[in-house]
file protein-v8.cif (mmCIF, C-alpha atoms)
data_query
loop_
_atom_site.label_atom_id
_atom_site.label_comp_id
_atom_site.auth_asym_id
_atom_site.auth_seq_id
_atom_site.Cartn_x
_atom_site.Cartn_y
_atom_site.Cartn_z
CA MET E 1 120.83 98.52 117.03
CA THR E 2 117.62 98.07 115.08
CA THR E 3 118.09 97.11 111.45
CA ALA E 4 115.66 97.02 108.58
CA HIS E 5 115.77 93.23 108.67
CA ALA E 6 114.70 93.29 112.30
CA ALA E 7 111.73 95.54 111.59
CA THR E 8 108.27 93.99 111.77
CA THR E 9 107.35 92.29 108.52
CA ALA E 10 103.97 93.40 107.21
CA HIS E 11 103.63 90.55 104.77
CA ALA E 12 105.76 87.67 103.62
CA PRO E 13 104.35 86.62 100.26
CA SER E 14 105.37 83.35 98.68
CA THR E 15 107.62 83.65 95.68
CA THR E 16 106.24 80.40 94.20
CA PRO E 17 103.91 81.14 91.28
CA THR E 18 100.44 79.62 91.35
CA ALA E 19 100.19 76.65 89.01
CA SER E 20 98.04 77.16 85.95
CA THR E 21 95.55 74.50 84.94
CA ALA E 22 96.73 74.73 81.34
CA PRO E 23 100.18 76.31 81.16
CA THR E 24 101.40 77.26 77.72
CA ALA E 25 104.95 78.17 78.76
CA PRO E 26 107.10 78.09 81.90
CA VAL E 27 106.43 81.08 84.15
CA PRO E 28 109.52 82.47 85.91
CA PRO E 29 109.26 83.33 89.61
CA ALA E 30 108.14 86.88 90.27
CA GLU E 31 110.81 89.43 91.10
CA VAL E 32 110.48 90.23 94.80
CA ALA E 33 110.91 93.88 95.74
CA ARG E 34 111.64 95.02 99.29
CA ILE E 35 109.59 97.98 100.47
CA ALA E 36 110.10 100.01 103.64
CA LEU E 37 106.83 101.13 105.23
CA VAL E 38 107.82 104.10 107.36
CA GLY E 39 105.30 104.97 110.02
CA ASP E 40 104.21 104.25 113.57
CA ARG E 41 102.10 101.16 113.00
CA SER E 42 98.74 101.16 114.74
CA PRO E 43 95.57 99.05 114.44
CA HIS E 44 93.64 102.29 114.85
CA VAL E 45 94.97 103.78 111.59
CA LYS E 46 92.87 102.40 108.75
CA SER E 47 95.55 102.87 106.12
CA HIS E 48 97.88 100.67 108.18
CA THR E 49 95.37 97.84 108.41
CA ARG E 50 94.90 98.01 104.65
CA ILE E 51 98.54 97.19 103.88
CA PRO E 52 98.32 93.36 104.05
CA VAL E 53 95.20 93.40 101.87
CA LEU E 54 96.91 95.60 99.30
CA LEU E 55 100.03 93.45 99.23
CA ASP E 56 97.99 90.30 98.72
CA ALA E 57 96.01 91.96 95.92
CA LEU E 58 99.14 93.26 94.15
CA ALA E 59 100.64 89.77 94.18
CA ALA E 60 97.46 87.94 93.15
CA ARG E 61 96.09 90.39 90.58
CA ASP E 62 99.23 91.91 89.11
CA GLY E 63 102.07 89.54 89.94
CA LEU E 64 103.79 92.37 91.82
CA VAL E 65 105.40 90.78 94.88
CA LEU E 66 106.45 93.16 97.64
CA ASP E 67 108.28 92.03 100.77
CA ALA E 68 107.30 94.74 103.23
CA TYR E 69 109.05 95.85 106.42
CA TRP E 70 107.57 98.30 108.90
CA ILE E 71 110.08 100.83 110.18
CA PRO E 72 108.88 103.07 113.04
CA THR E 73 109.74 106.72 112.57
CA GLY E 74 111.71 106.53 115.81
CA ASP E 75 114.09 104.08 114.12
CA ALA E 76 114.12 105.57 110.63
CA ALA E 77 116.86 108.16 111.19
CA ALA E 78 119.23 105.47 112.46
CA GLU E 79 118.29 103.20 109.53
CA ALA E 80 119.03 106.04 107.14
CA ALA E 81 122.38 106.81 108.77
CA ALA E 82 123.36 103.13 108.71
CA GLY E 83 122.58 102.87 105.01
CA THR E 84 119.97 100.14 105.44
CA LEU E 85 117.12 102.25 104.05
CA ALA E 86 119.09 102.71 100.85
CA GLY E 87 118.94 98.94 100.37
CA PHE E 88 115.19 98.91 99.81
CA ASP E 89 113.51 98.94 96.42
CA ALA E 90 110.83 101.40 97.56
CA VAL E 91 109.97 103.62 100.51
CA TRP E 92 106.41 104.51 101.48
CA VAL E 93 105.92 107.10 104.23
CA LEU E 94 102.45 106.35 105.51
CA PRO E 95 99.74 108.36 107.26
CA GLY E 96 99.48 108.37 111.03
CA SER E 97 100.97 111.71 112.03
CA PRO E 98 101.93 113.24 114.33
CA TYR E 99 104.84 110.86 113.93
CA ALA E 100 106.84 109.75 116.93
CA SER E 101 109.87 111.23 115.16
CA GLU E 102 109.59 114.02 112.62
CA ALA E 103 113.34 113.67 112.02
CA GLY E 104 112.94 109.99 111.21
CA ALA E 105 110.22 110.59 108.65
CA LEU E 106 112.28 113.35 107.02
CA ALA E 107 115.39 111.15 106.94
CA ALA E 108 113.52 108.36 105.14
CA ILE E 109 112.20 110.80 102.54
CA ARG E 110 115.64 112.27 101.97
CA VAL E 111 117.22 108.86 101.42
CA ALA E 112 114.60 107.91 98.83
CA ARG E 113 114.93 111.26 97.09
CA GLU E 114 118.73 111.34 96.98
CA GLU E 115 119.29 107.64 96.25
CA GLY E 116 116.74 107.36 93.43
CA ILE E 117 114.60 104.85 95.34
CA PRO E 118 110.93 104.70 94.27
CA PHE E 119 108.97 106.71 96.83
CA LEU E 120 105.40 107.37 97.84
CA GLY E 121 104.22 109.65 100.63
CA THR E 122 100.52 109.78 101.49
CA CYS E 123 98.68 112.22 103.77
CA GLY E 124 101.26 112.90 106.52
CA GLY E 125 103.85 111.50 104.12
CA PHE E 126 102.89 114.20 101.58
CA GLN E 127 103.15 116.94 104.21
CA HIS E 128 106.57 115.78 105.35
CA THR E 129 107.77 115.39 101.76
CA LEU E 130 107.20 119.10 101.23
CA LEU E 131 108.82 119.86 104.57
CA GLU E 132 111.95 117.82 103.75
CA TYR E 133 112.28 119.43 100.33
CA ALA E 134 111.81 122.95 101.68
CA ARG E 135 114.41 122.51 104.40
CA THR E 136 117.00 120.46 102.54
CA VAL E 137 116.77 121.65 98.95
CA CYS E 138 115.29 125.14 99.21
CA GLY E 139 117.28 126.18 102.27
CA LEU E 140 114.16 127.08 104.24
CA ALA E 141 115.51 125.63 107.47
CA GLY E 142 113.01 127.43 109.69
CA VAL E 143 109.77 126.21 108.12
CA ALA E 144 107.63 123.97 110.30
CA HIS E 145 104.63 121.67 110.43
CA ALA E 146 101.84 123.04 112.62
CA GLU E 147 100.96 119.61 113.96
CA ASN E 148 104.50 119.17 115.27
CA ASP E 149 105.23 122.79 116.20
CA PRO E 150 101.97 124.75 116.49
CA GLY E 151 103.72 127.85 117.82
CA ALA E 152 106.19 128.15 114.94
CA ALA E 153 106.41 131.53 113.25
CA ASP E 154 106.92 130.16 109.73
CA LEU E 155 104.54 127.35 108.84
CA LEU E 156 104.90 125.41 105.62
CA ILE E 157 102.22 122.91 106.67
CA ALA E 158 99.29 124.66 108.33
CA PRO E 159 95.76 123.79 109.47
CA LEU E 160 93.36 123.58 106.55
CA ALA E 161 90.55 126.14 106.45
CA CYS E 162 88.16 123.16 106.20
CA SER E 163 89.06 119.73 107.51
CA LEU E 164 89.29 116.97 104.89
CA VAL E 165 88.68 114.15 107.35
CA GLY E 166 86.30 111.74 105.63
CA HIS E 167 86.10 113.97 102.58
CA GLU E 168 86.11 112.91 98.93
CA GLY E 169 86.98 115.29 96.13
CA VAL E 170 88.08 115.58 92.54
CA VAL E 171 91.81 115.84 91.83
CA ARG E 172 93.13 116.94 88.46
CA ALA E 173 96.61 115.89 87.40
CA GLU E 174 98.71 118.01 85.08
CA PRO E 175 99.02 116.63 81.55
CA GLY E 176 102.31 114.82 81.00
CA SER E 177 103.03 114.44 84.71
CA LEU E 178 103.98 111.31 86.62
CA ALA E 179 100.75 111.83 88.55
CA GLU E 180 98.70 111.57 85.36
CA ALA E 181 100.64 108.52 84.20
CA ALA E 182 100.21 106.79 87.56
CA LEU E 183 96.51 107.60 87.78
CA GLY E 184 95.91 106.64 84.17
CA ALA E 185 93.64 109.67 83.86
CA GLU E 186 93.72 113.43 84.18
CA ARG E 187 90.83 113.49 86.67
CA SER E 188 90.00 111.23 89.62
CA THR E 189 87.96 111.26 92.82
CA GLU E 190 90.05 110.67 95.93
CA ARG E 191 89.57 110.15 99.66
CA TYR E 192 91.15 112.21 102.43
CA HIS E 193 91.63 111.97 106.17
CA CYS E 194 93.64 115.06 107.09
CA THR E 195 93.41 118.47 108.71
CA TYR E 196 96.74 119.96 107.52
CA GLY E 197 98.01 121.03 104.14
CA PRO E 198 100.57 123.30 102.47
CA ALA E 199 100.38 127.02 103.07
CA PRO E 200 100.75 128.95 99.80
CA ARG E 201 103.57 131.24 100.93
CA HIS E 202 106.51 128.95 100.15
CA LEU E 203 105.08 126.98 97.23
CA PRO E 204 106.86 129.17 94.64
CA ALA E 205 110.19 128.34 96.31
CA LEU E 206 109.45 124.61 96.05
CA THR E 207 108.71 124.84 92.35
CA ALA E 208 111.66 127.16 91.71
CA HIS E 209 113.92 124.47 93.15
CA GLY E 210 112.51 121.71 90.96
CA LEU E 211 109.55 120.16 92.77
CA ARG E 212 106.50 119.82 90.54
CA LEU E 213 103.10 120.45 92.12
CA SER E 214 101.29 118.25 89.64
CA GLY E 215 97.82 117.73 91.07
CA HIS E 216 95.20 120.15 92.40
CA ASP E 217 91.64 120.02 93.65
CA GLU E 218 88.81 121.94 92.01
CA ASP E 219 89.70 125.03 94.06
CA GLY E 220 93.29 124.95 92.85
CA GLN E 221 94.78 123.67 96.12
CA VAL E 222 97.86 121.44 95.83
CA ARG E 223 97.10 117.76 96.30
CA ILE E 224 100.00 115.98 94.50
CA ALA E 225 103.73 116.68 94.29
CA GLU E 226 106.42 114.88 92.30
CA LEU E 227 110.10 115.18 91.47
CA PRO E 228 111.00 115.23 87.76
CA GLY E 229 114.08 113.23 86.86
CA HIS E 230 113.61 110.79 89.73
CA PRO E 231 112.65 107.18 88.81
CA PHE E 232 109.43 107.46 90.85
CA PHE E 233 108.84 110.12 93.48
CA LEU E 234 105.23 110.97 94.24
CA ALA E 235 103.39 112.37 97.24
CA THR E 236 99.63 112.82 97.68
CA LEU E 237 97.63 114.60 100.35
CA PHE E 238 94.83 112.10 99.71
CA GLN E 239 95.07 108.47 100.76
CA PRO E 240 95.00 106.11 97.75
CA GLU E 241 95.26 103.13 100.10
CA LEU E 242 91.67 103.81 101.24
CA GLN E 243 90.10 103.31 97.83
CA GLY E 244 87.44 100.59 97.85
CA ASP E 245 88.11 97.62 100.10
CA GLY E 246 91.76 97.24 99.10
CA THR E 247 91.28 94.21 96.88
CA ARG E 248 91.74 96.35 93.75
CA PRO E 249 94.78 98.52 94.55
CA HIS E 250 94.60 102.17 93.57
CA PRO E 251 96.54 102.92 90.35
CA ILE E 252 99.09 104.99 92.28
CA ILE E 253 99.88 102.09 94.61
CA ARG E 254 100.15 99.76 91.65
CA ALA E 255 102.50 102.24 89.96
CA LEU E 256 104.71 102.31 93.07
CA ALA E 257 104.80 98.51 93.07
CA VAL E 258 105.77 98.45 89.38
CA ALA E 259 108.59 100.92 90.07
CA ALA E 260 109.76 98.88 93.07
CA VAL E 261 109.88 95.64 91.07
CA ALA E 262 111.76 97.43 88.28
CA HIS E 263 114.24 98.74 90.86
CA ALA E 264 114.72 95.23 92.26
CA ALA E 265 115.36 93.84 88.77
CA ALA E 266 117.69 96.63 87.65
CA PRO E 267 121.04 95.17 88.82
CA ALA E 268 120.44 91.88 87.02
CA ALA E 269 119.16 93.70 83.95
CA SER E 270 122.12 96.08 83.82
CA PRO E 271 125.36 94.25 84.67
CA SER E 272 128.46 96.39 84.84
CA ALA E 273 130.80 96.26 81.90
CA GLY E 274 133.80 94.01 82.32
#

call {"tool": "encode", "arguments": {"input": "protein-v8.cif", "output": "C-alpha cells"}}
result
Amino acid sequence: MTTAHAATTAHAPSTTPTASTAPTAPVPPAEVARIALVGDRSPHVKSHTRIPVLLDALAARDGLVLDAYWIPTGDAAAEAAAGTLAGFDAVWVLPGSPYASEAGALAAIRVAREEGIPFLGTCGGFQHTLLEYARTVCGLAGVAHAENDPGAADLLIAPLACSLVGHEGVVRAEPGSLAEAALGAERSTERYHCTYGPAPRHLPALTAHGLRLSGHDEDGQVRIAELPGHPFFLATLFQPELQGDGTRPHPIIRALAVAAVAHAAAPAASPSAG
C-alpha cells in the first residue's frame, strides 16, 4: 500500500543552517515541517513546476524549511483512511484539475479541516474545498463540480461566464480576515488560470454553516474562502504560486509555511502535563 513516506519527494532541503561570515550568536537548526502536496503532478502544469523554486526560496529567504511529499489524488483517499495524511504539518491541494480522483482530493481537504492541519487550496483546490464543505458540513450531498460531472442537476462549481485563464485581477480581502492577514493588505492583484468557479445558489448555505467567504473581485465574485477557528485554512481561486518567478514567494504561501513550521514545533513547545 502506498504511504506518504513512499510518495515522490518534491524537495529535500538541508536542515544545516548556512554559516554566517560574522555570527553573533549560535543559530539553532530550522524546524522542518512536512507538507503534503496533493495533486496529479505534471510537468505541463506550471504551478507544479514552481514548487521546488518556492521551497528553495522559503528556506533561503525566510528560514522556513518544508519537506514536501507529492501525493497523487488517486492515493490520497487511502492515505487519509490510513491516518498518514494527519501526520503532516500542512496540506496543499494544488491546481491541475480535473483530478484523477475527486474523492481523493476531497478526503485530503477533510483531513486537514477536521484535524486542524494548516491547509491551502488553490484554483482546483479552492473549488474542491467548497465542494467538500458543502457535502460534508452543509449536508448538500448532491452538489457537483461541472468539470467532473457536467450533466449534474445541482452544480456548486460551474463554468465561469468569462474564463479566467491567463487573467489578472484585483482581489479585496475582508478587514480582520485571515486572508487580509496573510496577504498583508486589503487589496492585491492576483493571477488566475481557471474556467470554473462557485455558483451563487449555495453560497448562503456555506456561510450559514461557518465558512467565511473573505475575498472578492471587483465585481463581488468570491475569490477566497477561509474557516474561522481553524489554525490556518485558506483557499483561493487565484494561483499565488504563479506570482513573479517564484523566487519571492507570495505572502499567502509564506503564511502557509509559517503555519506549517508552527505546527511542526507545537508538540515540543507544548509538552503534556505530568

call {"tool": "closest_residue", "arguments": {"input": "protein-v8.cif", "among": "E:Thr49, E:Thr136, E:Thr73, E:Ser177", "to": "Gly104 of chain E", "atoms": "all atoms listed in the file"}}
result
E:Thr73

call {"tool": "resolve_selection", "arguments": {"input": "protein-v8.cif", "expression": "the PyMOL selection byres ((chain E and resi 246) around 9)", "output": "VMD selection string"}}
result
chain E and resid 50 to 51 53 to 54 57 241 to 245 247 to 250

call {"tool": "closest_residue", "arguments": {"input": "protein-v8.cif", "among": "E:Leu203, E:Ala208, E:Ala76, E:Cys194", "to": "Val165 of chain E", "atoms": "all atoms listed in the file"}}
result
E:Cys194

call {"tool": "resolve_selection", "arguments": {"input": "protein-v8.cif", "expression": "the PyMOL selection byres ((chain E and resi 155) around 6)", "output": "PyMOL selection string"}}
result
chain E and resi 143-145+154+156-158

call {"tool": "atom_distance", "arguments": {"input": "protein-v8.cif", "atom1": "atom CA of Ala107 of chain E", "atom2": "atom CA of Ala182 of chain E"}}
result
25.0 Å

call {"tool": "residues_around", "arguments": {"input": "protein-v8.cif", "residues": "Phe88 of chain E", "least_positions_apart": "4", "cutoff": "10 Å", "atoms": "all atoms listed in the file", "output": "PyMOL selection string"}}
result
chain E and resi 4+33-36+67-69+83-84+112+117-118+260+263-264

call {"tool": "resolve_selection", "arguments": {"input": "protein-v8.cif", "expression": "the PyMOL selection byres ((chain E and resi 262) around 12)", "output": "list in words"}}
result
Ala30, Glu31, Val32, Ala33, Arg34, Leu64, Val65, Leu66, Asp89, Ala90, Ile117, Pro118, Pro231, Phe232, Ala255, Leu256, Ala257, Val258, Ala259, Ala260, Val261, His263, Ala264, Ala265, Ala266, Pro267, Ala268, Ala269 and Ser270 of chain E

call {"tool": "closest_residue", "arguments": {"input": "protein-v8.cif", "among": "E:Ala225, E:Leu58, E:Ile109, E:Ala103", "to": "Glu174 of chain E", "atoms": "only C-alpha atoms"}}
result
E:Ala225

call {"tool": "atom_distance", "arguments": {"input": "protein-v8.cif", "atom1": "atom CA of Val171 of chain E", "atom2": "atom CA of Val91 of chain E"}}
result
23.5 Å

call {"tool": "atom_distance", "arguments": {"input": "protein-v8.cif", "atom1": "atom CA of His202 of chain E", "atom2": "atom CA of Ala141 of chain E"}}
result
12.1 Å

call {"tool": "closest_residue", "arguments": {"input": "protein-v8.cif", "among": "E:Leu213, E:Val93, E:Val111, E:Leu130", "to": "Ala179 of chain E", "atoms": "only C-alpha atoms"}}
result
E:Leu213

call {"tool": "closest_residue", "arguments": {"input": "protein-v8.cif", "among": "E:Glu147, E:Asp56, E:Asp75, E:Glu132", "to": "Leu211 of chain E", "atoms": "only C-alpha atoms"}}
result
E:Glu132

call {"tool": "closest_residue", "arguments": {"input": "protein-v8.cif", "among": "E:Arg201, E:Arg191, E:Arg172, E:His230", "to": "His216 of chain E", "atoms": "all atoms listed in the file"}}
result
E:Arg172

call {"tool": "residues_around", "arguments": {"input": "protein-v8.cif", "residues": "Leu37 of chain E", "least_positions_apart": "6", "cutoff": "6 Å", "atoms": "only C-alpha atoms", "output": "PyMOL selection string"}}
result
chain E and resi 69-71+92

call {"tool": "axis_aligned_box", "arguments": {"input": "protein-v8.cif", "around": "segment 43-59 of chain E", "padding_each_side": "3 Å", "output": "lines of an AutoDock Vina configuration file"}}
result
center_x = 96.8
center_y = 96.8
center_z = 104.5
size_x = 13.8
size_y = 20.0
size_z = 26.7

call {"tool": "residues_around", "arguments": {"input": "protein-v8.cif", "residues": "Ala100 of chain E", "least_positions_apart": "5", "cutoff": "10 Å", "atoms": "only C-alpha atoms", "output": "list of chain:residue names"}}
result
E:Gly39, E:Asp40, E:Pro72, E:Thr73, E:Gly74, E:Asp75, E:Ala105, E:Asn148

call {"tool": "decode", "arguments": {"input": "protein-v8.cif", "residues": "segment 32-68 of chain E", "atoms": "N, CA and C atoms", "output": "compact mmCIF listing (two decimals), in the first residue's frame"}}
result
# COMPACT_ATOMS: atom_id res chain seq x y z
N VAL E 32 11.88 21.73 10.72
CA VAL E 32 11.46 21.21 9.42
C VAL E 32 10.00 20.79 9.51
N ALA E 33 9.19 21.30 8.61
CA ALA E 33 7.77 20.96 8.57
C ALA E 33 7.51 20.08 7.35
N ARG E 34 6.69 19.07 7.53
CA ARG E 34 6.34 18.16 6.44
C ARG E 34 5.03 18.60 5.81
N ILE E 35 5.08 18.80 4.48
CA ILE E 35 3.89 19.27 3.77
C ILE E 35 3.49 18.27 2.70
N ALA E 36 2.20 17.95 2.67
CA ALA E 36 1.65 17.06 1.64
C ALA E 36 1.15 17.91 0.49
N LEU E 37 1.70 17.67 -0.69
CA LEU E 37 1.26 18.35 -1.91
C LEU E 37 0.33 17.39 -2.64
N VAL E 38 -0.95 17.66 -2.55
CA VAL E 38 -1.95 16.74 -3.11
C VAL E 38 -2.33 17.22 -4.51
N GLY E 39 -2.05 16.38 -5.48
CA GLY E 39 -2.33 16.71 -6.86
C GLY E 39 -1.67 15.71 -7.78
N ASP E 40 -2.05 15.73 -9.04
CA ASP E 40 -1.54 14.78 -10.02
C ASP E 40 -0.40 15.44 -10.77
N ARG E 41 0.80 15.26 -10.24
CA ARG E 41 1.98 16.00 -10.67
C ARG E 41 2.23 15.87 -12.17
N SER E 42 2.47 17.02 -12.81
CA SER E 42 2.69 17.02 -14.25
C SER E 42 3.65 18.15 -14.61
N PRO E 43 4.60 17.89 -15.51
CA PRO E 43 5.49 18.96 -15.97
C PRO E 43 4.77 19.99 -16.83
N HIS E 44 3.54 19.68 -17.22
CA HIS E 44 2.78 20.60 -18.05
C HIS E 44 1.93 21.57 -17.23
N VAL E 45 1.91 21.41 -15.92
CA VAL E 45 1.17 22.32 -15.04
C VAL E 45 2.18 23.27 -14.40
N LYS E 46 2.09 24.54 -14.75
CA LYS E 46 3.12 25.49 -14.34
C LYS E 46 3.23 25.59 -12.83
N SER E 47 2.10 25.54 -12.14
CA SER E 47 2.15 25.65 -10.68
C SER E 47 2.95 24.49 -10.08
N HIS E 48 2.90 23.32 -10.71
CA HIS E 48 3.66 22.18 -10.20
C HIS E 48 5.16 22.39 -10.37
N THR E 49 5.55 22.94 -11.50
CA THR E 49 6.98 23.16 -11.73
C THR E 49 7.54 24.28 -10.87
N ARG E 50 6.67 25.11 -10.33
CA ARG E 50 7.09 26.19 -9.45
C ARG E 50 7.45 25.71 -8.04
N ILE E 51 6.94 24.57 -7.63
CA ILE E 51 7.07 24.13 -6.24
C ILE E 51 8.53 24.08 -5.77
N PRO E 52 9.46 23.43 -6.49
CA PRO E 52 10.84 23.41 -6.00
C PRO E 52 11.44 24.80 -5.84
N VAL E 53 11.12 25.70 -6.76
CA VAL E 53 11.63 27.07 -6.67
C VAL E 53 11.10 27.75 -5.41
N LEU E 54 9.82 27.58 -5.15
CA LEU E 54 9.21 28.19 -3.97
C LEU E 54 9.80 27.63 -2.68
N LEU E 55 10.01 26.32 -2.64
CA LEU E 55 10.57 25.71 -1.44
C LEU E 55 11.99 26.20 -1.18
N ASP E 56 12.78 26.31 -2.24
CA ASP E 56 14.13 26.84 -2.09
C ASP E 56 14.10 28.28 -1.57
N ALA E 57 13.19 29.08 -2.13
CA ALA E 57 13.11 30.48 -1.74
C ALA E 57 12.65 30.64 -0.29
N LEU E 58 11.67 29.82 0.13
CA LEU E 58 11.20 29.89 1.51
C LEU E 58 12.32 29.57 2.49
N ALA E 59 13.13 28.56 2.15
CA ALA E 59 14.23 28.18 3.03
C ALA E 59 15.31 29.25 3.04
N ALA E 60 15.68 29.76 1.85
CA ALA E 60 16.80 30.70 1.76
C ALA E 60 16.43 32.09 2.27
N ARG E 61 15.24 32.56 1.93
CA ARG E 61 14.85 33.94 2.26
C ARG E 61 14.26 34.07 3.66
N ASP E 62 13.50 33.04 4.06
CA ASP E 62 12.71 33.17 5.29
C ASP E 62 13.08 32.15 6.36
N GLY E 63 13.97 31.23 6.05
CA GLY E 63 14.32 30.20 7.02
C GLY E 63 13.17 29.25 7.31
N LEU E 64 12.25 29.11 6.38
CA LEU E 64 11.08 28.25 6.53
C LEU E 64 11.34 26.98 5.72
N VAL E 65 11.68 25.90 6.40
CA VAL E 65 12.11 24.67 5.73
C VAL E 65 10.95 23.69 5.66
N LEU E 66 10.54 23.38 4.44
CA LEU E 66 9.43 22.46 4.21
C LEU E 66 9.94 21.22 3.50
N ASP E 67 9.66 20.07 4.07
CA ASP E 67 9.96 18.78 3.46
C ASP E 67 8.69 18.33 2.77
N ALA E 68 8.69 18.37 1.44
CA ALA E 68 7.45 18.21 0.69
C ALA E 68 7.33 16.84 0.05
